[in-house]
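What follows is coords.cif (mmCIF, C-alpha atoms and all ligand atoms).
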```
data_start
loop_
_atom_site.group_PDB
_atom_site.id
_atom_site.type_symbol
_atom_site.label_atom_id
_atom_site.label_comp_id
_atom_site.auth_asym_id
_atom_site.auth_seq_id
_atom_site.Cartn_x
_atom_site.Cartn_y
_atom_site.Cartn_z
ATOM 1 C CA MET A 230 98.699 132.718 42.958
ATOM 2 C CA LYS A 231 96.029 132.162 45.578
ATOM 3 C CA THR A 232 96.305 133.606 49.081
ATOM 4 C CA LEU A 233 95.724 130.467 51.152
ATOM 5 C CA GLY A 234 97.622 127.207 50.836
ATOM 6 C CA ILE A 235 96.127 124.070 52.433
ATOM 7 C CA VAL A 236 98.934 121.527 52.833
ATOM 8 C CA TYR A 237 98.070 118.040 54.059
ATOM 9 C CA TRP A 238 99.298 114.487 54.474
ATOM 10 C CA PRO A 239 98.496 111.594 54.176
ATOM 11 C CA LYS A 240 96.401 111.139 51.085
ATOM 12 C CA LYS A 241 93.461 108.786 50.535
ATOM 13 C CA GLY A 242 92.074 108.773 54.086
ATOM 14 C CA SER A 243 90.346 111.028 56.586
ATOM 15 C CA VAL A 244 92.967 113.765 56.377
ATOM 16 C CA GLU A 245 92.475 114.155 52.647
ATOM 17 C CA LEU A 246 88.696 113.925 53.003
ATOM 18 C CA ASN A 247 88.684 116.800 55.487
ATOM 19 C CA ALA A 248 91.320 118.802 53.598
ATOM 20 C CA LYS A 249 88.921 118.755 50.647
ATOM 21 C CA ARG A 250 86.023 119.792 52.864
ATOM 22 C CA ILE A 251 88.081 122.658 54.278
ATOM 23 C CA HIS A 252 89.107 123.720 50.772
ATOM 24 C CA LYS A 253 85.473 123.798 49.691
ATOM 25 C CA GLU A 254 84.323 125.585 52.834
ATOM 26 C CA TRP A 255 87.005 128.243 52.429
ATOM 27 C CA GLY A 256 86.277 128.736 48.714
ATOM 28 C CA GLU A 257 88.180 126.822 46.051
ATOM 29 C CA GLU A 258 88.790 129.958 43.990
ATOM 30 C CA THR A 259 90.966 131.581 46.663
ATOM 31 C CA ALA A 260 92.827 128.577 48.092
ATOM 32 C CA ASP A 261 95.147 125.888 46.758
ATOM 33 C CA LEU A 262 94.880 122.318 48.072
ATOM 34 C CA ILE A 263 98.325 120.719 48.068
ATOM 35 C CA SER A 264 99.580 117.325 49.137
ATOM 36 C CA LEU A 265 102.778 117.604 51.186
ATOM 37 C CA ARG A 266 104.637 115.610 48.546
ATOM 38 C CA ASP A 267 103.773 118.226 45.920
ATOM 39 C CA ILE A 268 105.350 121.253 47.580
ATOM 40 C CA GLU A 269 108.872 122.313 48.507
ATOM 41 C CA PRO A 270 109.482 124.443 51.610
ATOM 42 C CA GLU A 271 110.049 127.602 49.548
ATOM 43 C CA GLY A 272 106.648 127.022 47.925
ATOM 44 C CA LEU A 273 105.075 127.907 51.282
ATOM 45 C CA LEU A 274 106.266 131.476 50.799
ATOM 46 C CA ASN A 275 103.843 131.938 47.924
ATOM 47 C CA TYR A 276 100.966 132.004 50.399
ATOM 48 C CA SER A 277 100.180 134.748 52.877
ATOM 49 C CA CYS A 278 98.240 132.220 54.992
ATOM 50 C CA LEU A 279 98.607 128.482 55.409
ATOM 51 C CA ILE A 280 96.614 125.581 56.813
ATOM 52 C CA PHE A 281 98.429 122.327 57.621
ATOM 53 C CA GLY A 282 96.510 119.055 58.072
ATOM 54 C CA CYS A 283 97.907 115.891 59.620
ATOM 55 C CA SER A 284 97.011 112.646 61.359
ATOM 56 C CA THR A 285 98.502 111.039 64.457
ATOM 57 C CA VAL A 286 99.788 107.518 63.966
ATOM 58 C CA GLY A 287 101.918 106.994 67.057
ATOM 59 C CA ALA A 288 105.071 108.734 68.154
ATOM 60 C CA ASP A 289 107.559 106.016 67.308
ATOM 61 C CA SER A 290 106.857 105.944 63.624
ATOM 62 C CA TRP A 291 107.686 109.644 63.375
ATOM 63 C CA ARG A 292 110.956 109.782 65.220
ATOM 64 C CA ASP A 293 113.312 108.413 62.628
ATOM 65 C CA ALA A 294 113.992 111.062 60.050
ATOM 66 C CA TYR A 295 115.074 108.483 57.506
ATOM 67 C CA THR A 296 111.974 106.317 57.367
ATOM 68 C CA GLY A 297 110.716 108.266 54.393
ATOM 69 C CA ASN A 298 107.862 109.798 56.367
ATOM 70 C CA PRO A 299 106.988 112.858 54.275
ATOM 71 C CA TRP A 300 106.586 115.170 57.300
ATOM 72 C CA ASN A 301 110.048 114.281 58.588
ATOM 73 C CA MET A 302 111.562 114.768 55.173
ATOM 74 C CA PHE A 303 109.739 118.058 54.705
ATOM 75 C CA PHE A 304 110.908 119.467 58.034
ATOM 76 C CA LEU A 305 114.473 118.369 57.314
ATOM 77 C CA ARG A 306 114.317 120.256 54.016
ATOM 78 C CA MET A 307 112.849 123.284 55.796
ATOM 79 C CA ASN A 308 115.725 123.252 58.260
ATOM 80 C CA ARG A 309 118.316 122.970 55.512
ATOM 81 C CA ALA A 310 116.679 125.754 53.491
ATOM 82 C CA LYS A 311 116.167 127.877 56.641
ATOM 83 C CA THR A 312 112.682 128.638 55.351
ATOM 84 C CA ASP A 313 111.600 131.949 56.831
ATOM 85 C CA LEU A 314 107.945 131.898 57.884
ATOM 86 C CA LYS A 315 108.353 134.895 60.164
ATOM 87 C CA ASP A 316 104.975 136.330 61.164
ATOM 88 C CA ARG A 317 103.180 134.115 58.634
ATOM 89 C CA LYS A 318 99.842 132.906 59.986
ATOM 90 C CA VAL A 319 99.380 129.158 60.039
ATOM 91 C CA ALA A 320 96.349 127.165 61.227
ATOM 92 C CA LEU A 321 96.356 123.428 61.871
ATOM 93 C CA PHE A 322 93.857 120.620 61.713
ATOM 94 C CA GLY A 323 94.452 117.113 62.978
ATOM 95 C CA LEU A 324 92.759 113.744 62.597
ATOM 96 C CA GLY A 325 92.819 111.185 65.373
ATOM 97 C CA ASP A 326 90.844 108.617 67.342
ATOM 98 C CA GLN A 327 89.888 109.895 70.802
ATOM 99 C CA VAL A 328 88.454 106.542 71.980
ATOM 100 C CA LEU A 329 91.339 104.233 71.034
ATOM 101 C CA TYR A 330 94.040 106.794 71.889
ATOM 102 C CA PRO A 331 92.487 108.981 74.612
ATOM 103 C CA GLU A 332 95.839 110.049 76.091
ATOM 104 C CA HIS A 333 97.388 110.937 72.750
ATOM 105 C CA TYR A 334 94.482 112.329 70.820
ATOM 106 C CA VAL A 335 95.727 114.417 67.845
ATOM 107 C CA ASP A 336 99.201 114.674 69.425
ATOM 108 C CA GLU A 337 100.857 115.372 66.084
ATOM 109 C CA MET A 338 99.385 118.836 65.830
ATOM 110 C CA ALA A 339 101.798 119.774 68.625
ATOM 111 C CA ARG A 340 104.798 118.553 66.679
ATOM 112 C CA ILE A 341 103.762 120.304 63.480
ATOM 113 C CA SER A 342 103.111 123.460 65.472
ATOM 114 C CA ASN A 343 106.563 123.337 67.092
ATOM 115 C CA GLU A 344 108.346 122.728 63.802
ATOM 116 C CA LEU A 345 106.571 125.635 62.104
ATOM 117 C CA LYS A 346 106.981 127.985 65.057
ATOM 118 C CA ALA A 347 110.727 127.321 64.974
ATOM 119 C CA HIS A 348 110.636 128.916 61.511
ATOM 120 C CA GLY A 349 108.780 131.980 62.744
ATOM 121 C CA ALA A 350 105.192 130.999 61.936
ATOM 122 C CA VAL A 351 102.388 132.295 64.132
ATOM 123 C CA ILE A 352 99.913 129.526 64.946
ATOM 124 C CA VAL A 353 96.294 130.684 64.932
ATOM 125 C CA GLY A 354 92.876 129.028 65.034
ATOM 126 C CA ARG A 355 92.910 127.163 68.329
ATOM 127 C CA TRP A 356 89.793 125.127 68.970
ATOM 128 C CA PRO A 357 87.873 124.521 72.239
ATOM 129 C CA ALA A 358 88.330 121.010 73.655
ATOM 130 C CA ASP A 359 84.728 120.755 74.894
ATOM 131 C CA GLY A 360 82.672 117.939 73.422
ATOM 132 C CA TYR A 361 85.504 115.416 73.031
ATOM 133 C CA GLU A 362 86.171 112.272 75.107
ATOM 134 C CA HIS A 363 89.978 112.359 75.218
ATOM 135 C CA THR A 364 91.844 112.445 78.530
ATOM 136 C CA ASP A 365 95.018 114.133 77.297
ATOM 137 C CA SER A 366 96.826 115.412 74.230
ATOM 138 C CA LYS A 367 100.117 117.086 73.487
ATOM 139 C CA ALA A 368 98.102 119.462 71.336
ATOM 140 C CA LEU A 369 96.087 120.702 74.333
ATOM 141 C CA LYS A 370 96.707 124.040 76.034
ATOM 142 C CA ASP A 371 94.445 125.867 78.484
ATOM 143 C CA GLY A 372 91.363 123.921 77.419
ATOM 144 C CA TYR A 373 91.978 124.425 73.696
ATOM 145 C CA PHE A 374 93.522 122.296 70.968
ATOM 146 C CA LEU A 375 96.231 124.058 68.975
ATOM 147 C CA GLY A 376 94.031 123.645 65.907
ATOM 148 C CA LEU A 377 90.860 121.942 64.743
ATOM 149 C CA ALA A 378 90.611 118.387 66.109
ATOM 150 C CA LEU A 379 88.577 115.975 63.992
ATOM 151 C CA ASP A 380 87.668 112.322 64.549
ATOM 152 C CA GLU A 381 86.133 110.371 61.697
ATOM 153 C CA HIS A 382 85.974 107.177 63.804
ATOM 154 C CA ASN A 383 83.805 108.429 66.640
ATOM 155 C CA GLN A 384 82.426 111.850 65.742
ATOM 156 C CA ALA A 385 82.189 111.857 61.966
ATOM 157 C CA ASP A 386 78.805 113.544 62.196
ATOM 158 C CA LYS A 387 80.424 116.584 63.829
ATOM 159 C CA SER A 388 83.157 117.230 61.261
ATOM 160 C CA MET A 389 81.189 119.449 58.881
ATOM 161 C CA GLU A 390 79.803 121.758 61.569
ATOM 162 C CA ARG A 391 83.239 122.008 63.206
ATOM 163 C CA ILE A 392 84.864 122.886 59.896
ATOM 164 C CA HIS A 393 82.204 125.493 59.197
ATOM 165 C CA ALA A 394 82.705 127.205 62.568
ATOM 166 C CA TRP A 395 86.501 126.998 62.412
ATOM 167 C CA ILE A 396 86.742 128.490 58.918
ATOM 168 C CA ASN A 397 84.381 131.282 59.970
ATOM 169 C CA ASP A 398 86.663 132.044 62.901
ATOM 170 C CA LEU A 399 89.786 132.006 60.707
ATOM 171 C CA LYS A 400 88.214 134.375 58.199
ATOM 172 C CA LYS A 401 86.814 136.712 60.822
ATOM 173 C CA ASN A 402 89.576 136.829 63.391
ATOM 174 C CA HIS A 403 92.884 135.506 62.072
ATOM 175 C CA PHE A 404 93.547 135.422 58.348
ATOM 176 C CA PHE A 405 93.799 138.769 56.444
HETATM 177 C C1 LIG B 501 99.100 102.684 64.125
HETATM 178 C C2 LIG B 501 98.147 103.802 64.451
HETATM 179 C C3 LIG B 501 98.412 104.612 65.526
HETATM 180 C C4 LIG B 501 97.538 105.653 65.857
HETATM 181 N N1 LIG B 501 97.826 106.469 66.924
HETATM 182 C C5 LIG B 501 96.989 107.498 67.226
HETATM 183 C C6 LIG B 501 97.285 108.366 68.310
HETATM 184 O O1 LIG B 501 98.289 108.225 69.016
HETATM 185 N N2 LIG B 501 96.419 109.394 68.566
HETATM 186 C C7 LIG B 501 95.274 109.597 67.818
HETATM 187 O O2 LIG B 501 94.545 110.535 68.091
HETATM 188 N N3 LIG B 501 94.980 108.777 66.772
HETATM 189 C C8 LIG B 501 95.796 107.748 66.456
HETATM 190 N N4 LIG B 501 95.507 106.915 65.400
HETATM 191 C C9 LIG B 501 94.258 107.149 64.626
HETATM 192 C C10 LIG B 501 94.492 107.938 63.331
HETATM 193 O O3 LIG B 501 95.038 109.201 63.585
HETATM 194 C C11 LIG B 501 93.178 108.095 62.603
HETATM 195 O O4 LIG B 501 92.765 106.823 62.152
HETATM 196 C C12 LIG B 501 93.193 109.070 61.439
HETATM 197 O O5 LIG B 501 91.886 109.289 61.001
HETATM 198 C C13 LIG B 501 94.070 108.559 60.291
HETATM 199 O O6 LIG B 501 94.048 109.485 59.223
HETATM 200 P P1 LIG B 501 94.053 108.962 57.702
HETATM 201 O O7 LIG B 501 92.745 108.210 57.502
HETATM 202 O O8 LIG B 501 94.127 110.182 56.840
HETATM 203 O O9 LIG B 501 95.247 108.071 57.543
HETATM 204 C C14 LIG B 501 96.364 105.871 65.069
HETATM 205 C C15 LIG B 501 96.099 105.040 63.977
HETATM 206 C C16 LIG B 501 96.974 104.028 63.667
HETATM 207 C C17 LIG B 501 96.659 103.140 62.473
#
```

When written as structure tokens, how does the structure in this file appear?
Amino acid sequence: MKTLGIVYWPKKGSVELNAKRIHKEWGEETADLISLRDIEPEGLLNYSCLIFGCSTVGADSWRDAYTGNPWNMFFLRMNRAKTDLKDRKVALFGLGDQVLYPEHYVDEMARISNELKAHGAVIVGRWPADGYEHTDSKALKDGYFLGLALDEHNQADKSMERIHAWINDLKKNHFF
């Protein structure tokens, strides 16, 4: 079993594209890349470190736990299973559009962070908010995003260098 699990959703778009880039940048031989639909909450316990990747598609579509949204269903299953992530280090990355949604840029990282923290996870790998054009975000704290913020609509050319620097920081300062 590999030490790092990279869990992401949705598939087929920018989240998956960047999950693959992150997997490659980390080193494919020591990390598993897993779609959220292909893992059960207890599967998280196989990994000493985790990265979660998500997009933001508007608050309303996430609220109803019975819409079949995989994140909602996953967190419901985590709650039922009382999955214990105590002291497990988790880093987040989020895709969004800072120009069309400047007040809610990458908001969903905040929700994912809260859900995982409620199970004892320690969120690491915050990312400086300099160089973005957003005006607000739920994922913003003290000038940092809770995790790596990416934007394939407006700053696609920056994604690779951001991933490179973020993974370096995770390896050097947070994971292991
Ligand atoms: C209906 C809808 C609502 C969105 N709302 C937000 C938002 O509130 N904040 C944000 O940063 N991006 C928002 N976006 C942009 C997406 O997060 C962005 O397109 C992202 O790259 C999608 O990831 P995917 O290609 O993996 O599906 C929204 C996109 C759609 C289609």

Expected selection as an NGL selection string for ligand LIG 501 (chain B) within 12 Å, all atoms listed in the file: :A and (237-249 or 264 or 282-291 or 322-339 or 361-368 or 378-385 or 388)

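Distance check against A:Trp255 using all atoms listed in the file: of A:Arg317, A:Ala394, A:Gly360, A:Asn402, the minimum falls on A:Ala394.
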
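One finds atom CA of A:Met389 at 16.3 Å from atom CA of A:Gly354.
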
Please write as a ChimeraX atom specification the full residue list that the PyMOL selection byres (((chain A and resi 356) around 9) and not hetatm) yields on this file. /A:354-355,357-359,372-378,395

Using the chain letters and numbers from the file, which residues does the PyMOL selection byres (((chain A and resi 269) around 12) and not hetatm) grab, as a ChimeraX atom specification? /A:236,263-268,270-275,299-300,302-310,312

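Here atom CA of A:Asp371 and atom CA of A:Lys318 stand 20.5 Å from one another.
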
One decimal, Å: what's the distance from atom CA of A:Tyr276 over to atom CA of A:Asp398, could you say? 19.0 Å

A:Thr232: which residues within 9 Å, counting all atoms listed in the file, same-chain residues fewer than 2 positions away excluded, as a ChimeraX atom specification? /A:230,234,259-261,275-279

Could you list the residues chosen by the PyMOL selection byres (((chain A and resi 349) around 8) and not hetatm) in this structure as a list in words? Asp313, Leu314, Lys315, Asp316, Arg317, Leu345, Lys346, Ala347, His348, Ala350 and Val351 of chain A

I'd like to know which of A:Ile251, A:Phe405, A:Glu390, A:Val319 is closest to A:Ser342, using all atoms listed in the file. A:Val319

Find the axis-aligned box for stretch 298-310 of chain A, covering all its listed atoms and adding 5 Å on each side, and write its centre and edge lengths in Å to one decimal as lines of an AutoDock Vina configuration file.
```
center_x = 112.5
center_y = 117.8
center_z = 56.0
size_x = 21.7
size_y = 26.0
size_z = 15.1
```
